[in-house]
Amino acid sequence: MRNKEIADIFNEIADMLSIEDTATSKFEVRAYKNAALTIGTLQEPIEDIYHAGGIEALMKLPGIGRGLAEKIAEYIDHGRIDKHESLKKKYPINFSELTQLEGMGAKRAVLLYKSLGVKDIASLSKAIEAHRIRNLPGFGDKSESQLQESIRLYESGKGRILLGDALPIAESMIDKMLKSGLFKKAVLAGSTRRMRETVGDIDILAISDKPESCMGFFVGMDDVEKPIVKGPTKTTVWLKIGTSCDLRVIKPESFGAAQQYFIGSKEHNIEVRKIAIKKGYKLNEYGLFDSKGRIISSLDEADIYKKLGMEYVPPEMREARGEIELALEHRLPNLVELSDIKGDMHTHTLETDGANTIGEMAEAAIQNGLTYFATTNHTKSLNIAHGMNDRQFAAFFKKVDALNDKLDGKIKILKGAEIDILKNGALDLEAKTIKSMDCPVGAVHSAFNMDRDSMTKRVVRAMDSGMMRIFAHPTGRVINGREGYDIDLERIAEAAERNNVALEINSFPDRLDLNDTNILRLSEYKVLFSIDTDSHRTSHFKFLRYGVGTARRGWLTKGRVLNTRTYSEVMKLLKGNA
């Protein structure tokens with residue numbers, strides 16, 4: 001699956017072109033950025049689309065014209081794009097690394113290169129240590145400190161990639177393995193199977209009567225950059241997306257025990273083994289054995305838990321956070337499923353920073369099995385996202401009404417907005433406009449450096465207005481990119497409780513905000529959670545599974561999730577009538 005590789009290259013081309021600041025470069029930057037977003041969020045391998053239908057098939061993707069399609073084909077066929085290579089010679093800067101730092105755009109990277117010879121994070125760190133950054137135009141002491149903190153955050157997440165990058169690759173590899181005819185079975189294990197927000201590596205377990213052929217096939221897959229260790233039953237490779245992948249071929253009679261062991265987590269497994277020891281058993285990756293070494297269970301992991309007197313523990317819960325005790329008492333929650341989700345309360349269209357029309361978003365929502373969704377474009381204070389004012393929302397909502405009539409019940413579109421919560425806690429639209437909406441969503445997009453008490457009061461004031469119904473991405477964090485603002489989530493939950501405000505679990509792969517630990521903490525309050533995609537294009541509706549995975553890691557049941565309700569039930573809740 002070459003999606004991430006090509007998306008990264010397109011983003012880097014856009015960064016380098018943005019330096020040139022010509023009439024054509026501005027258009028090209030936008031085109032490459034949009035194409036990168038399309039490719040990076042595809043759920044199917046782009047090389048499969050190309051091999052099946054050629055350039056013409058690529059041109060059917062949103063934002064991909066002939067020129068960009070030819071460059072995609074160039075990379076798939078030759079492993080490089082000439083335009084990218086020539087720009088790299090002109091600007092020998094590691095843009096993909098430097099621009100991951102908060103506050104570091106392409107132009108700043110070029111300024112640092114021309115002034116101080118900074119090419120990457122290592123040379124930037126040396127410049128910061130020598131206090132050479134603060135004297136440059138447009139920087140200063142504060143900028144230097146912020147860059148240092150950004151580097152610390154980047155380094156802390158180094159070696160771990162987003163679940164949203166790892167899972168599609170892993171699933172694509174497993175699909176190809178099963179289609180090869182060499183594998184009787186292949187499944188995910190490890191942190192990817194537990195739906196952790198970032199993963200350090202990918203683990204695949206398989207059954208085959210041709211293990212050596214399997215290993216040969218595995219190391220030769222397109223996603224593999226190089227083999228690390230190759231053996232008859234275990235092989236480790238380095239993937240092009242920047243992480244390692246282990247393949248283990250397991251004997252059929254031990255497959256259930258191997259799943260229980262390799263899904264983990266380590267802490268969960270230690271506690272389960274303690275239970276086995278107390279019962280006079282031995283548990284390992286080969287099976288559950290009695291004191292005389294006789295096999296008790298090994299084929300099915302659910303049966304292993306049963307033999308230990310436990311309920312089957314869903315993989316997302318296996319983190320030794322109290323699930324062991326509940327499993328022994330047969331009181332595990334019935335976790336929310338992706339199939340329970342009926343709507344999406346947070347999406348965008350091309351009127352602001354989305355890539356598709358409201359009609360295209362409606363069609364995609366239908367294709368993804370939804371019965372309703374809210375359109376929630378940005379408001380006027382967010383200039384970078386082309387936020388809309390009151391007059392523009394009124395005109396847009398007329399379009400939504402007309403489309404709802406045309407759709408005739410195939411799907412319901414809720415009128416809403418992602419309303420900026422301003423620094424003083426006021427909402428960024430007139431009360432009359434907000435009251436005309438079905439789904440007003442509040443969000444913080446500015447002044448992230450406020451102290452804890454001020455930030456909390458800011459959001460509480462917005463909730464106490466009585467006009468917010470969902471609080472979007474409640475901590476504002478971006479995984480591996482930006483720590484969240486300082487906020488008292490308990491006080492936020494109290495305000496949400498008294499004002500009928502749902503707390504969002506944002507499904508975008510680099511947000512997943514609220515995260516699992518915060519969901520666990522806040523589920524003690526009488527609040528609902530809303531699992532939303534924050535979709536900016538049609539393909540983003542598929543991100544719902546990441547939000548559901550995060551909700552399951554936070555032990556949420558269907559009843560605690562707002563958008564598992566029917567359209568009529570949701571409308572009652574949004575209007576405070578339920």
# chains A, B, ... in the order shown; residues from 1 in each chain; ligands from 1
>>> residues_around(residues="Asp510 (chain A)", least_positions_apart="3", cutoff="10 Å", atoms="only C-alpha atoms", output="number ranges by chain")
A: 161-165, 197-198, 477-482, 506-507, 513
>>> residues_around(residues="Gly293 (chain A)", least_positions_apart="6", cutoff="12 Å", atoms="only C-alpha atoms", output="PyMOL selection string")
chain A and resi 280-284+286-287
>>> closest_residue(among="A:Ile531, A:Ile19, A:Ala206, A:Ile263", to="Thr192 (chain A)", atoms="only C-alpha atoms")
A:Ile263
>>> closest_residue(among="A:Ile55, A:Glu267, A:Val441, A:Glu253", to="Ile295 (chain A)", atoms="only C-alpha atoms")
A:Glu253
>>> closest_residue(among="A:Glu524, A:Asp222, A:Glu20, A:Ala106", to="Asn3 (chain A)", atoms="only C-alpha atoms")
A:Asp222
>>> residues_around(residues="Ala57 (chain A)", least_positions_apart="2", cutoff="12 Å", atoms="only C-alpha atoms", output="ChimeraX atom specification")
/A:46-55,59-62,64-66,69-70,72-73
>>> residues_around(residues="Thr533 (chain A)", least_positions_apart="2", cutoff="7 Å", atoms="only C-alpha atoms", output="PDB file with N, CA and C atoms, in the first residue's frame")
ATOM      1  N   ASP A 344     -23.376  11.032  12.142  1.00  0.00           N
ATOM      2  CA  ASP A 344     -22.102  11.719  12.365  1.00  0.00           C
ATOM      3  C   ASP A 344     -22.431  13.183  12.625  1.00  0.00           C
ATOM      4  N   HIS A 346     -20.366  15.847  13.129  1.00  0.00           N
ATOM      5  CA  HIS A 346     -19.316  16.848  12.914  1.00  0.00           C
ATOM      6  C   HIS A 346     -18.668  16.616  11.551  1.00  0.00           C
ATOM      7  N   THR A 347     -19.056  17.416  10.548  1.00  0.00           N
ATOM      8  CA  THR A 347     -18.498  17.291   9.198  1.00  0.00           C
ATOM      9  C   THR A 347     -18.386  18.678   8.562  1.00  0.00           C
ATOM     10  N   ASN A 506     -13.428  12.583  18.847  1.00  0.00           N
ATOM     11  CA  ASN A 506     -13.123  12.948  17.469  1.00  0.00           C
ATOM     12  C   ASN A 506     -12.335  11.811  16.818  1.00  0.00           C
ATOM     13  N   SER A 507     -12.886  11.261  15.736  1.00  0.00           N
ATOM     14  CA  SER A 507     -12.328  10.050  15.124  1.00  0.00           C
ATOM     15  C   SER A 507     -11.169  10.303  14.182  1.00  0.00           C
ATOM     16  N   PHE A 508     -10.842  11.577  13.918  1.00  0.00           N
ATOM     17  CA  PHE A 508      -9.741  11.854  12.996  1.00  0.00           C
ATOM     18  C   PHE A 508      -8.478  11.203  13.562  1.00  0.00           C
ATOM     19  N   SER A 535     -15.146  14.997   9.435  1.00  0.00           N
ATOM     20  CA  SER A 535     -14.858  14.780   8.010  1.00  0.00           C
ATOM     21  C   SER A 535     -14.677  16.089   7.261  1.00  0.00           C
ATOM     22  N   HIS A 540     -13.465  10.529   4.571  1.00  0.00           N
ATOM     23  CA  HIS A 540     -13.217  10.590   6.012  1.00  0.00           C
ATOM     24  C   HIS A 540     -14.306   9.926   6.850  1.00  0.00           C
ATOM     25  N   PHE A 541     -15.467   9.652   6.264  1.00  0.00           N
ATOM     26  CA  PHE A 541     -16.503   8.959   7.029  1.00  0.00           C
ATOM     27  C   PHE A 541     -16.002   7.598   7.537  1.00  0.00           C
ATOM     28  N   PHE A 543     -13.349   7.045   8.961  1.00  0.00           N
ATOM     29  CA  PHE A 543     -12.606   7.215  10.214  1.00  0.00           C
ATOM     30  C   PHE A 543     -13.433   6.853  11.437  1.00  0.00           C
ATOM     31  N   LEU A 544     -14.741   6.674  11.265  1.00  0.00           N
ATOM     32  CA  LEU A 544     -15.583   6.333  12.410  1.00  0.00           C
ATOM     33  C   LEU A 544     -15.045   5.142  13.198  1.00  0.00           C
TER      34      LEU A 544
END
>>> residues_around(residues="region 299-315 of chain A", least_positions_apart="5", cutoff="8 Å", atoms="only C-alpha atoms", output="PyMOL selection string")
chain A and resi 193-194+252-257+259-260+263-264+275-276+279+287-288+323+327-330+332
>>> write_last_selection(atoms="N, CA and C atoms", output="PDB file, in the first residue's frame")
ATOM      1  N   ARG A 193      -4.276  -4.401  17.079  1.00  0.00           N
ATOM      2  CA  ARG A 193      -5.533  -5.110  17.352  1.00  0.00           C
ATOM      3  C   ARG A 193      -6.262  -4.508  18.547  1.00  0.00           C
ATOM      4  N   ARG A 194      -5.508  -3.956  19.494  1.00  0.00           N
ATOM      5  CA  ARG A 194      -6.127  -3.325  20.664  1.00  0.00           C
ATOM      6  C   ARG A 194      -6.574  -1.898  20.368  1.00  0.00           C
ATOM      7  N   PRO A 252      -1.724 -24.806  14.190  1.00  0.00           N
ATOM      8  CA  PRO A 252      -3.181 -24.640  14.338  1.00  0.00           C
ATOM      9  C   PRO A 252      -3.686 -24.933  15.748  1.00  0.00           C
ATOM     10  N   GLU A 253      -3.102 -25.939  16.390  1.00  0.00           N
ATOM     11  CA  GLU A 253      -3.594 -26.331  17.715  1.00  0.00           C
ATOM     12  C   GLU A 253      -3.270 -25.305  18.800  1.00  0.00           C
ATOM     13  N   SER A 254      -2.405 -24.337  18.497  1.00  0.00           N
ATOM     14  CA  SER A 254      -2.035 -23.318  19.490  1.00  0.00           C
ATOM     15  C   SER A 254      -2.528 -21.915  19.112  1.00  0.00           C
ATOM     16  N   PHE A 255      -3.345 -21.824  18.070  1.00  0.00           N
ATOM     17  CA  PHE A 255      -3.658 -20.501  17.528  1.00  0.00           C
ATOM     18  C   PHE A 255      -4.420 -19.622  18.516  1.00  0.00           C
ATOM     19  N   GLY A 256      -5.365 -20.188  19.241  1.00  0.00           N
ATOM     20  CA  GLY A 256      -6.128 -19.406  20.221  1.00  0.00           C
ATOM     21  C   GLY A 256      -5.245 -18.883  21.330  1.00  0.00           C
ATOM     22  N   ALA A 257      -4.349 -19.738  21.843  1.00  0.00           N
ATOM     23  CA  ALA A 257      -3.434 -19.320  22.904  1.00  0.00           C
ATOM     24  C   ALA A 257      -2.469 -18.254  22.402  1.00  0.00           C
ATOM     25  N   GLN A 259      -3.070 -16.062  20.033  1.00  0.00           N
ATOM     26  CA  GLN A 259      -3.806 -14.804  19.938  1.00  0.00           C
ATOM     27  C   GLN A 259      -3.901 -14.132  21.304  1.00  0.00           C
ATOM     28  N   GLN A 260      -4.286 -14.904  22.325  1.00  0.00           N
ATOM     29  CA  GLN A 260      -4.417 -14.331  23.666  1.00  0.00           C
ATOM     30  C   GLN A 260      -3.084 -13.728  24.119  1.00  0.00           C
ATOM     31  N   ILE A 263      -1.848 -10.657  21.400  1.00  0.00           N
ATOM     32  CA  ILE A 263      -2.674  -9.443  21.396  1.00  0.00           C
ATOM     33  C   ILE A 263      -2.281  -8.570  22.570  1.00  0.00           C
ATOM     34  N   GLY A 264      -1.926  -9.184  23.705  1.00  0.00           N
ATOM     35  CA  GLY A 264      -1.505  -8.413  24.879  1.00  0.00           C
ATOM     36  C   GLY A 264      -2.693  -7.763  25.567  1.00  0.00           C
ATOM     37  N   ILE A 275      -3.907 -15.535  37.505  1.00  0.00           N
ATOM     38  CA  ILE A 275      -5.150 -16.277  37.751  1.00  0.00           C
ATOM     39  C   ILE A 275      -4.943 -17.753  37.415  1.00  0.00           C
ATOM     40  N   ALA A 276      -4.255 -18.015  36.288  1.00  0.00           N
ATOM     41  CA  ALA A 276      -3.978 -19.401  35.903  1.00  0.00           C
ATOM     42  C   ALA A 276      -3.149 -20.107  36.985  1.00  0.00           C
ATOM     43  N   LYS A 279      -5.023 -21.227  39.987  1.00  0.00           N
ATOM     44  CA  LYS A 279      -5.854 -22.400  39.731  1.00  0.00           C
ATOM     45  C   LYS A 279      -5.021 -23.654  39.468  1.00  0.00           C
ATOM     46  N   GLY A 287      -0.645 -22.617  25.005  1.00  0.00           N
ATOM     47  CA  GLY A 287      -1.898 -23.134  25.532  1.00  0.00           C
ATOM     48  C   GLY A 287      -2.017 -22.979  27.035  1.00  0.00           C
ATOM     49  N   LEU A 288      -3.142 -23.471  27.546  1.00  0.00           N
ATOM     50  CA  LEU A 288      -3.399 -23.529  28.990  1.00  0.00           C
ATOM     51  C   LEU A 288      -3.217 -24.986  29.411  1.00  0.00           C
ATOM     52  N   GLU A 323     -10.290  -4.432  34.046  1.00  0.00           N
ATOM     53  CA  GLU A 323     -11.102  -5.373  33.266  1.00  0.00           C
ATOM     54  C   GLU A 323     -10.998  -6.803  33.796  1.00  0.00           C
ATOM     55  N   ALA A 327     -14.145  -9.161  34.520  1.00  0.00           N
ATOM     56  CA  ALA A 327     -14.274 -10.426  33.776  1.00  0.00           C
ATOM     57  C   ALA A 327     -14.487 -11.601  34.725  1.00  0.00           C
ATOM     58  N   LEU A 328     -13.813 -11.588  35.869  1.00  0.00           N
ATOM     59  CA  LEU A 328     -13.991 -12.654  36.861  1.00  0.00           C
ATOM     60  C   LEU A 328     -15.391 -12.622  37.469  1.00  0.00           C
ATOM     61  N   GLU A 329     -15.956 -11.418  37.568  1.00  0.00           N
ATOM     62  CA  GLU A 329     -17.306 -11.259  38.125  1.00  0.00           C
ATOM     63  C   GLU A 329     -18.383 -11.334  37.048  1.00  0.00           C
ATOM     64  N   HIS A 330     -17.972 -11.547  35.795  1.00  0.00           N
ATOM     65  CA  HIS A 330     -18.895 -11.589  34.652  1.00  0.00           C
ATOM     66  C   HIS A 330     -19.737 -10.314  34.572  1.00  0.00           C
ATOM     67  N   LEU A 332     -18.473  -7.500  32.596  1.00  0.00           N
ATOM     68  CA  LEU A 332     -17.876  -6.647  31.566  1.00  0.00           C
ATOM     69  C   LEU A 332     -18.964  -5.884  30.812  1.00  0.00           C
TER      70      LEU A 332
END
>>> atom_distance(atom1="CA of His348 (chain A)", atom2="CA of Leu153 (chain A)")
28.9 Å
>>> residues_around(residues="Ala166 (chain A)", least_positions_apart="4", cutoff="12 Å", atoms="only C-alpha atoms", output="PyMOL selection string")
chain A and resi 1+3-4+40+43+160-162+170-173+188+190-193+195-203+223+239-245+509+546
>>> write_last_selection(atoms="N, CA and C atoms", output="CSV table (one decimal), in the first residue's frame")
chain,number,residue,atom,x,y,z
A,1,MET,N,0.9,-1.2,0.0
A,1,MET,CA,0.0,0.0,0.0
A,1,MET,C,0.9,1.2,0.0
A,3,ASN,N,0.0,4.4,-0.4
A,3,ASN,CA,-0.8,5.7,-0.1
A,3,ASN,C,0.0,6.7,0.7
A,4,LYS,N,0.6,6.3,1.9
A,4,LYS,CA,1.2,7.2,2.7
A,4,LYS,C,2.5,7.7,2.1
A,40,GLY,N,-3.8,10.2,1.2
A,40,GLY,CA,-3.5,9.7,2.5
A,40,GLY,C,-4.7,9.2,3.3
A,43,GLN,N,-8.8,4.3,1.7
A,43,GLN,CA,-8.8,3.1,2.5
A,43,GLN,C,-8.5,1.9,1.7
A,160,ARG,N,6.7,5.6,17.0
A,160,ARG,CA,5.3,5.1,17.0
A,160,ARG,C,4.6,5.9,15.9
A,161,ILE,N,3.8,5.2,15.2
A,161,ILE,CA,3.0,5.8,14.1
A,161,ILE,C,1.5,5.7,14.4
A,162,LEU,N,0.7,6.6,13.8
A,162,LEU,CA,-0.7,6.6,14.0
A,162,LEU,C,-1.4,5.3,13.7
A,170,ALA,N,-1.8,-2.8,7.6
A,170,ALA,CA,-1.8,-4.1,8.1
A,170,ALA,C,-3.0,-4.9,7.5
A,171,GLU,N,-4.1,-4.3,7.4
A,171,GLU,CA,-5.3,-5.0,6.8
A,171,GLU,C,-5.0,-5.3,5.3
A,172,SER,N,-4.4,-4.4,4.6
A,172,SER,CA,-4.1,-4.6,3.2
A,172,SER,C,-3.1,-5.8,3.0
A,173,MET,N,-2.1,-5.8,3.9
A,173,MET,CA,-1.1,-6.9,3.8
A,173,MET,C,-1.8,-8.3,4.1
A,188,LEU,N,-4.6,-9.9,12.9
A,188,LEU,CA,-3.8,-8.9,13.6
A,188,LEU,C,-3.7,-9.3,15.0
A,190,GLY,N,-1.3,-7.6,18.8
A,190,GLY,CA,-0.6,-6.5,19.3
A,190,GLY,C,-1.4,-5.2,19.5
A,191,SER,N,-0.7,-4.1,19.6
A,191,SER,CA,-1.4,-2.8,19.9
A,191,SER,C,-2.3,-2.4,18.8
A,192,THR,N,-2.0,-2.8,17.6
A,192,THR,CA,-2.9,-2.5,16.4
A,192,THR,C,-4.3,-3.1,16.6
A,193,ARG,N,-4.3,-4.4,17.1
A,193,ARG,CA,-5.5,-5.1,17.4
A,193,ARG,C,-6.3,-4.5,18.5
A,195,MET,N,-6.3,-1.4,19.1
A,195,MET,CA,-6.8,-0.1,18.7
A,195,MET,C,-6.1,1.0,19.5
A,196,ARG,N,-4.9,0.9,19.9
A,196,ARG,CA,-4.2,1.9,20.5
A,196,ARG,C,-4.0,3.1,19.5
A,197,GLU,N,-3.9,4.3,20.0
A,197,GLU,CA,-3.9,5.5,19.1
A,197,GLU,C,-2.6,5.5,18.3
A,198,THR,N,-1.5,5.0,18.9
A,198,THR,CA,-0.2,4.9,18.1
A,198,THR,C,0.3,3.5,18.3
A,199,VAL,N,1.0,3.0,17.4
A,199,VAL,CA,1.6,1.6,17.5
A,199,VAL,C,3.1,1.7,17.2
A,200,GLY,N,3.8,0.8,18.0
A,200,GLY,CA,5.3,0.8,17.8
A,200,GLY,C,5.7,-0.2,16.8
A,201,ASP,N,4.8,-1.2,16.5
A,201,ASP,CA,5.1,-2.1,15.4
A,201,ASP,C,3.8,-2.8,15.1
A,202,ILE,N,3.8,-3.7,14.1
A,202,ILE,CA,2.6,-4.4,13.7
A,202,ILE,C,2.9,-5.9,13.9
A,203,ASP,N,1.9,-6.6,14.4
A,203,ASP,CA,2.1,-8.1,14.6
A,203,ASP,C,1.0,-8.8,13.9
A,223,ASP,N,4.8,-3.5,0.4
A,223,ASP,CA,4.9,-2.6,1.6
A,223,ASP,C,6.2,-2.7,2.4
A,239,LEU,N,8.8,-1.8,7.3
A,239,LEU,CA,7.8,-1.3,6.3
A,239,LEU,C,8.1,0.1,5.8
A,240,LYS,N,7.7,0.4,4.7
A,240,LYS,CA,7.9,1.7,4.1
A,240,LYS,C,7.2,2.8,4.8
A,241,ILE,N,6.2,2.5,5.6
A,241,ILE,CA,5.5,3.5,6.4
A,241,ILE,C,6.3,3.9,7.6
A,242,GLY,N,7.4,3.2,7.9
A,242,GLY,CA,8.2,3.6,9.0
A,242,GLY,C,8.1,2.9,10.3
A,243,THR,N,7.7,1.6,10.2
A,243,THR,CA,7.6,0.8,11.4
A,243,THR,C,7.9,-0.7,11.0
A,244,SER,N,8.2,-1.5,12.0
A,244,SER,CA,8.5,-2.9,11.7
A,244,SER,C,7.2,-3.8,11.8
A,245,CYS,N,7.3,-4.9,11.2
A,245,CYS,CA,6.1,-5.8,11.2
A,245,CYS,C,6.6,-7.3,11.4
A,509,PRO,N,-7.7,10.4,12.8
A,509,PRO,CA,-6.6,9.6,13.3
A,509,PRO,C,-5.6,10.4,14.1
A,546,TYR,N,-12.1,4.4,14.0
A,546,TYR,CA,-11.0,4.8,14.9
A,546,TYR,C,-11.7,5.4,16.2
>>> closest_residue(among="A:Lys83, A:Arg491, A:His473, A:Arg30", to="Lys457 (chain A)", atoms="only C-alpha atoms")
A:Arg491
>>> atom_distance(atom1="CA of Ile519 (chain A)", atom2="CA of Pro474 (chain A)")
10.9 Å
>>> residues_around(residues="Arg452 (chain A)", least_positions_apart="5", cutoff="12 Å", atoms="only C-alpha atoms", output="list in words")
Ala447, Lys457, Arg458, Val459, Thr475, Gly484, Tyr485, Asp486, Ile487, Asp488, Leu489, Arg491 and Ile492 of chain A
>>> closest_residue(among="A:Leu58, A:Ala14, A:Leu574, A:Ala362", to="Ala31 (chain A)", atoms="only C-alpha atoms")
A:Ala14
>>> select_by_dssp(residues="region 303-440 of chain A", states="alpha helix (DSSP H)", output="PDB file with C-alpha atoms, in the first residue's frame")
ATOM      1  CA  ASP A 303     -12.365 -20.762  25.681  1.00  0.00           C
ATOM      2  CA  ILE A 304      -9.110 -20.007  27.534  1.00  0.00           C
ATOM      3  CA  TYR A 305     -10.809 -17.155  29.389  1.00  0.00           C
ATOM      4  CA  LYS A 306     -13.797 -19.425  30.072  1.00  0.00           C
ATOM      5  CA  LYS A 307     -11.591 -22.176  31.539  1.00  0.00           C
ATOM      6  CA  GLU A 323     -11.102  -5.373  33.266  1.00  0.00           C
ATOM      7  CA  ILE A 324      -9.676  -8.496  34.947  1.00  0.00           C
ATOM      8  CA  GLU A 325     -11.837  -8.061  38.047  1.00  0.00           C
ATOM      9  CA  LEU A 326     -14.944  -7.374  35.965  1.00  0.00           C
ATOM     10  CA  ALA A 327     -14.274 -10.426  33.776  1.00  0.00           C
ATOM     11  CA  LEU A 328     -13.991 -12.654  36.861  1.00  0.00           C
ATOM     12  CA  ILE A 358     -22.939  19.017   0.813  1.00  0.00           C
ATOM     13  CA  GLY A 359     -24.525  16.762  -1.804  1.00  0.00           C
ATOM     14  CA  GLU A 360     -21.356  14.700  -2.176  1.00  0.00           C
ATOM     15  CA  MET A 361     -21.068  14.424   1.605  1.00  0.00           C
ATOM     16  CA  ALA A 362     -24.675  13.224   1.810  1.00  0.00           C
ATOM     17  CA  GLU A 363     -24.073  10.536  -0.812  1.00  0.00           C
ATOM     18  CA  ALA A 364     -20.922   9.362   1.001  1.00  0.00           C
ATOM     19  CA  ALA A 365     -22.765   9.243   4.329  1.00  0.00           C
ATOM     20  CA  ILE A 366     -25.425   7.036   2.739  1.00  0.00           C
ATOM     21  CA  GLN A 367     -22.768   4.741   1.284  1.00  0.00           C
ATOM     22  CA  ASP A 390     -24.145  34.647  10.013  1.00  0.00           C
ATOM     23  CA  ARG A 391     -25.362  35.716   6.592  1.00  0.00           C
ATOM     24  CA  GLN A 392     -23.421  32.940   4.866  1.00  0.00           C
ATOM     25  CA  PHE A 393     -24.825  30.314   7.231  1.00  0.00           C
ATOM     26  CA  ALA A 394     -28.379  31.496   6.550  1.00  0.00           C
ATOM     27  CA  ALA A 395     -27.804  31.103   2.797  1.00  0.00           C
ATOM     28  CA  PHE A 396     -26.109  27.725   3.245  1.00  0.00           C
ATOM     29  CA  PHE A 397     -28.948  26.379   5.385  1.00  0.00           C
ATOM     30  CA  LYS A 398     -31.383  27.137   2.554  1.00  0.00           C
ATOM     31  CA  LYS A 399     -29.272  24.823   0.376  1.00  0.00           C
ATOM     32  CA  VAL A 400     -29.414  22.174   3.108  1.00  0.00           C
ATOM     33  CA  ASP A 401     -33.222  22.474   3.337  1.00  0.00           C
ATOM     34  CA  ALA A 402     -33.537  22.098  -0.424  1.00  0.00           C
ATOM     35  CA  LEU A 403     -31.253  19.064  -0.444  1.00  0.00           C
ATOM     36  CA  ASN A 404     -33.165  17.444   2.431  1.00  0.00           C
ATOM     37  CA  ASP A 405     -36.346  17.825   0.393  1.00  0.00           C
ATOM     38  CA  LYS A 406     -34.644  16.315  -2.641  1.00  0.00           C
ATOM     39  CA  LEU A 407     -33.227  13.377  -0.666  1.00  0.00           C
ATOM     40  CA  ALA A 431     -27.669  33.855  19.060  1.00  0.00           C
ATOM     41  CA  LYS A 432     -30.361  34.013  16.369  1.00  0.00           C
ATOM     42  CA  THR A 433     -28.150  32.064  13.937  1.00  0.00           C
ATOM     43  CA  ILE A 434     -27.211  29.433  16.516  1.00  0.00           C
ATOM     44  CA  LYS A 435     -30.837  28.931  17.561  1.00  0.00           C
TER      45      LYS A 435
END
>>> closest_residue(among="A:Val249, A:Ala7, A:Ile13, A:Val272", to="Asp82 (chain A)", atoms="only C-alpha atoms")
A:Ile13
